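Below is one structure, written out as structure tokens, with a few remarks after it.
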Amino acid sequence: MLQFFRQRQRSIKDDTLSGLTVALALVPEAVAFAFVAGVEPIIALYSAFFLCLGAAVLGGRPGMISGATGAMAVVVIGLVQMHGVEYLFPTVILCGLIQIAVGAARLGVLIRIVPHSVMLGFVNGLAIVILMAQFGSFQTVDAAGELVPLSGPALWIMLGLIAVTMLIIWGLPKLTRAVPSSLAAILTVSLAAAGINAWADPGLIAEGQSNVVPTVGDMLATNKKAFEANKARTLLEEEREADPDAELDPELVQAAVASALTAVDEDPESRSIAGGLPRPFFLEWALPPVSWETLWIILPFALTLAGVGLIESLMTLALIDEITETRGQSNRECFGQGASNVICGFFGGMGGCAMIGQSLINVNSGGRGRLSGIVAACALLAFVLFLAPWIQMIPMPALVGVMFMVVIGTFEWASLKMFRRMPPIDVFVMLLVAGYTVVMHDLASAVVLGVIVSALAFAWTHATHLGADIKLNEHGSKIYQLHGPLFFASVASFKELFNPREDPDDVVVDFYYTRVYDQSGLEAINSLAEKYGSLGKRLHLTHLSPECRRLLDRAGELVEVNLSEDPQYHVATDRFSKLGK
């Protein structure tokens with residue numbers, strides 16, 4: 001990565017200021033993901049508060065920011081559409097309980113088996129996804145309720161302010177680090193945008209907007225209008241499907257869309273982030289039936305949410321570890337994410353996990369301790385309770401510019417020069433993970449896919465490394481001195497080394513330079529012993545570990561071991577060492 005994420009010592013001032021910066025960046029992200037999931041923005045904002053606070057206090061990675069995320073929002077779309085939002089909250093609670101169980105089982109350490117090529121693909125794909133996500137800020141809504149790109153003077157003004165934001169973030173640290181450059185850029189561009197919106201010619205305002213420079217409030221109104229217009233069209237489509245003989249009148253559709261857009265304009269609260277203190281979900285929404293049927297409805301979604309949330313959180317933890325040159329606690333992070341989701345679901349949140357973009361903003365702004373996440377959560381709640389009108393005036397170019405700098409700092413530019421130096425399979429895995437992430441917008445599945453391909457490539461490569469030095473001793477016995485690992489992928493090669501029919505009556509297989517890794521290898525040894533026994537020939541197996549000898553029950557008296565030379569090692573599948581806390 002570029003030296004965008006500079007090494008800093010932890011301090012209360014840096015944590016506080018970086019927390020404020022992150023809180024500002026959390027608002028538009030949470031609002032956007034709420035519309036993706038089909039829920040009200042206030043639900044996503046409450047989610048961001050509980051997750052950010054819970055993970056900061058209970059999680060295993062100080063400085064990492066959690067909140068409502070797109071990966072989790074995509075999962076719950078079907079649940080909300082099919083069963084209603086009231087089923088969402090028990091699902092989030094169950095998701096949290098599953099994540100707590102994973103942490104208690106100490107499975108978080110499995111994140112360490114992720115290869116570097118997968119991490120490179122993850123980081124690069126993530127940077128591209130963050131970049132693409134910002135394009136939504138360059139959209140407005142037309143009279144038909146459709147999202148269309150900004151154009152004309154409003155677009156050029158927005159691009160100019162984005163450039164100013166990026167210039168401040170890049171240049172200010174060269175002058176002073178007293179204030180996080182991202183926070184200084186947001187405040188400076190906010191003042192400039194306020195002046196433009198107050199005194200600029202109203203003719204410069206883009207269609208569907210209320211300001212020359214789009215603000216958080218404009219973004220919220222745009223998404224709300226597009227959501228309501230699409231909802232109106234969907235209802236008419238469903239009515240037409242119920243009556244196949246009926247035709248959908250375009251004028252009726254246009255009238256329904258116009259009515260939806262007008263309703264949003266006439267209801268300021270529907271496009272505001274203002275709200276009260278969060279309350280338990282069963283006081284706001286109908287409680288789903290407590291039954292086995294409900295459990296079977298929410299369980300598949302909860303399992304998916306738990307898996308997606310943990311993979312994305314643990315990958316973010318690994319990335320922050322690398323940037324800060326410190327080490328987080330993966331099992332504790334699983335517990336922290338789970339506890340946060342349980343609390344989030346109880347208070348009517350949509351669930352979430354670690355937010356990579358906001359975590360990088362926090363690290364770049366100097367946030368290193370848990371205080372930064374706590375400040376971000378408390379500031380976000382203050383925005384909802386008291387400061388909503390002011391927060392909605394923040395210009396989108398400032399926030400987009402911050403995210404563009406995150407993209408520049410996140411992308412592993414050196415990987416573009418490594419193609420000729422890396423093994424071809426690693427290049428393929430890196431491109432596969434990055435491409436899948438960009439196309440499918442599914443970080444968790446991309447990581448799992450990359451690990452599977454890497455594991456298969458590793459197994460195939462090492463399966464070809466099994467061989468044997470063959471010689472005859474003074475007694476006429478044939479000795480196979482094995483070299484290489486014996487496991488499921490190399491069993492076929494192991495069997496091809498021997499010719500029981502043509503070998504002499506006495507055969508020795510020496511495992512001194514070979515490690516038996518799994519049950520497939522043990523079964524191959526058993527099978528070989530049986531073949532020689534069926535021909536009346538003796539097979540001696542030397543330098544096997546004690547575990548292997550005990551498991552080779554079929555070999556019986558055919559197993560001959562020289563205890564004075566035997567190495568003391570174990571079958572790899574018998575033990576799993578503690579790798580993490």
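Labeling convention for the structure tokens: chains A, B, ... as they appear, residues from 1 per chain, ligands from 1 in order of appearance.
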Filtered DSSP result for range 401-479 of chain A, state alpha helix (DSSP H), as a PDB file with C-alpha atoms, in the first residue's frame:
```
ATOM      1  CA  GLY A 401     -13.341  12.745  -1.544  1.00  0.00           C
ATOM      2  CA  VAL A 402     -12.444  11.049   1.743  1.00  0.00           C
ATOM      3  CA  MET A 403     -13.505   7.680   0.345  1.00  0.00           C
ATOM      4  CA  PHE A 404     -11.536   8.260  -2.862  1.00  0.00           C
ATOM      5  CA  MET A 405      -8.406   8.744  -0.765  1.00  0.00           C
ATOM      6  CA  VAL A 406      -9.231   5.542   1.089  1.00  0.00           C
ATOM      7  CA  VAL A 407      -9.386   3.779  -2.285  1.00  0.00           C
ATOM      8  CA  ILE A 408      -5.972   5.136  -3.274  1.00  0.00           C
ATOM      9  CA  GLY A 409      -4.475   4.067   0.039  1.00  0.00           C
ATOM     10  CA  THR A 410      -6.133   0.649   0.081  1.00  0.00           C
ATOM     11  CA  PRO A 424       1.051 -18.239 -11.856  1.00  0.00           C
ATOM     12  CA  ILE A 425      -1.425 -19.882  -9.486  1.00  0.00           C
ATOM     13  CA  ASP A 426      -1.054 -17.013  -7.000  1.00  0.00           C
ATOM     14  CA  VAL A 427      -1.652 -14.480  -9.756  1.00  0.00           C
ATOM     15  CA  PHE A 428      -4.755 -16.413 -10.797  1.00  0.00           C
ATOM     16  CA  VAL A 429      -6.073 -16.543  -7.219  1.00  0.00           C
ATOM     17  CA  MET A 430      -5.473 -12.831  -6.718  1.00  0.00           C
ATOM     18  CA  LEU A 431      -7.319 -11.947  -9.926  1.00  0.00           C
ATOM     19  CA  LEU A 432     -10.095 -14.433  -9.146  1.00  0.00           C
ATOM     20  CA  VAL A 433     -10.765 -12.977  -5.678  1.00  0.00           C
ATOM     21  CA  ALA A 434     -10.575  -9.386  -6.905  1.00  0.00           C
ATOM     22  CA  GLY A 435     -12.785 -10.085  -9.935  1.00  0.00           C
ATOM     23  CA  TYR A 436     -15.405 -12.007  -7.956  1.00  0.00           C
ATOM     24  CA  THR A 437     -15.492  -9.221  -5.367  1.00  0.00           C
ATOM     25  CA  VAL A 438     -16.021  -6.550  -8.001  1.00  0.00           C
ATOM     26  CA  VAL A 439     -18.630  -8.443 -10.022  1.00  0.00           C
ATOM     27  CA  MET A 440     -20.633 -10.033  -7.209  1.00  0.00           C
ATOM     28  CA  LEU A 443     -16.372 -10.138  -0.128  1.00  0.00           C
ATOM     29  CA  ALA A 444     -17.017 -13.177   2.059  1.00  0.00           C
ATOM     30  CA  SER A 445     -17.709 -15.585  -0.816  1.00  0.00           C
ATOM     31  CA  ALA A 446     -14.699 -14.219  -2.697  1.00  0.00           C
ATOM     32  CA  VAL A 447     -12.410 -15.023   0.246  1.00  0.00           C
ATOM     33  CA  VAL A 448     -13.848 -18.530   0.662  1.00  0.00           C
ATOM     34  CA  LEU A 449     -13.474 -19.170  -3.076  1.00  0.00           C
ATOM     35  CA  GLY A 450      -9.874 -17.947  -3.004  1.00  0.00           C
ATOM     36  CA  VAL A 451      -8.972 -20.155  -0.036  1.00  0.00           C
ATOM     37  CA  ILE A 452     -10.531 -23.216  -1.712  1.00  0.00           C
ATOM     38  CA  VAL A 453      -8.660 -22.659  -4.984  1.00  0.00           C
ATOM     39  CA  SER A 454      -5.393 -22.030  -3.103  1.00  0.00           C
ATOM     40  CA  ALA A 455      -5.879 -25.170  -1.028  1.00  0.00           C
ATOM     41  CA  LEU A 456      -6.571 -27.293  -4.115  1.00  0.00           C
ATOM     42  CA  ALA A 457      -3.519 -25.856  -5.877  1.00  0.00           C
ATOM     43  CA  PHE A 458      -1.381 -26.530  -2.801  1.00  0.00           C
ATOM     44  CA  ALA A 459      -2.635 -30.098  -2.543  1.00  0.00           C
ATOM     45  CA  TRP A 460      -2.056 -30.764  -6.247  1.00  0.00           C
ATOM     46  CA  THR A 461       1.462 -29.317  -6.168  1.00  0.00           C
ATOM     47  CA  HIS A 462       2.515 -31.320  -3.119  1.00  0.00           C
ATOM     48  CA  ALA A 463       0.884 -34.468  -4.432  1.00  0.00           C
TER      49      ALA A 463
END
```
So that I can check the surroundings of range 280-287 of chain A, please list as a ChimeraX atom specification every protein, DNA and RNA residue that reaches within 12 Å of it, counting only C-alpha atoms and ignoring chain neighbours fewer than 3 positions away.
/A:43,46,83-90,92-93,277,290-291,294,342-350
Name the residues in contact with range 299-309 of chain A at a cut-off of 8 Å, using only C-alpha atoms, excluding same-chain residues fewer than 6 positions from it; report them as number ranges by chain.
A: 71-72, 75-76, 79, 91-92, 94-96, 98-99, 352-354, 444-445
Have a look at A:Ile113, A:Leu107, A:Ile196, A:Leu51 and name the one nearest to Met158 in chain A; count only C-alpha atoms.
A:Ile196
CA of Thr234 in chain A to CA of Gln139 in chain A, straight-line distance in Å:
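Value for the CA of Gln139 in chain A-CA of Thr234 in chain A distance: 21.5 Å.
Proximity to Ala178 in chain A at 12 Å, evaluated using only C-alpha atoms and with sequence-adjacent residues fewer than 4 positions away removed, yields A:Ser11, A:Lys13, A:Asp14, A:Leu17, A:Ser18, A:Leu172, A:Pro173, A:Lys174, A:Ser182, A:Leu183, A:Ala184, A:Ser365, A:Gly366.
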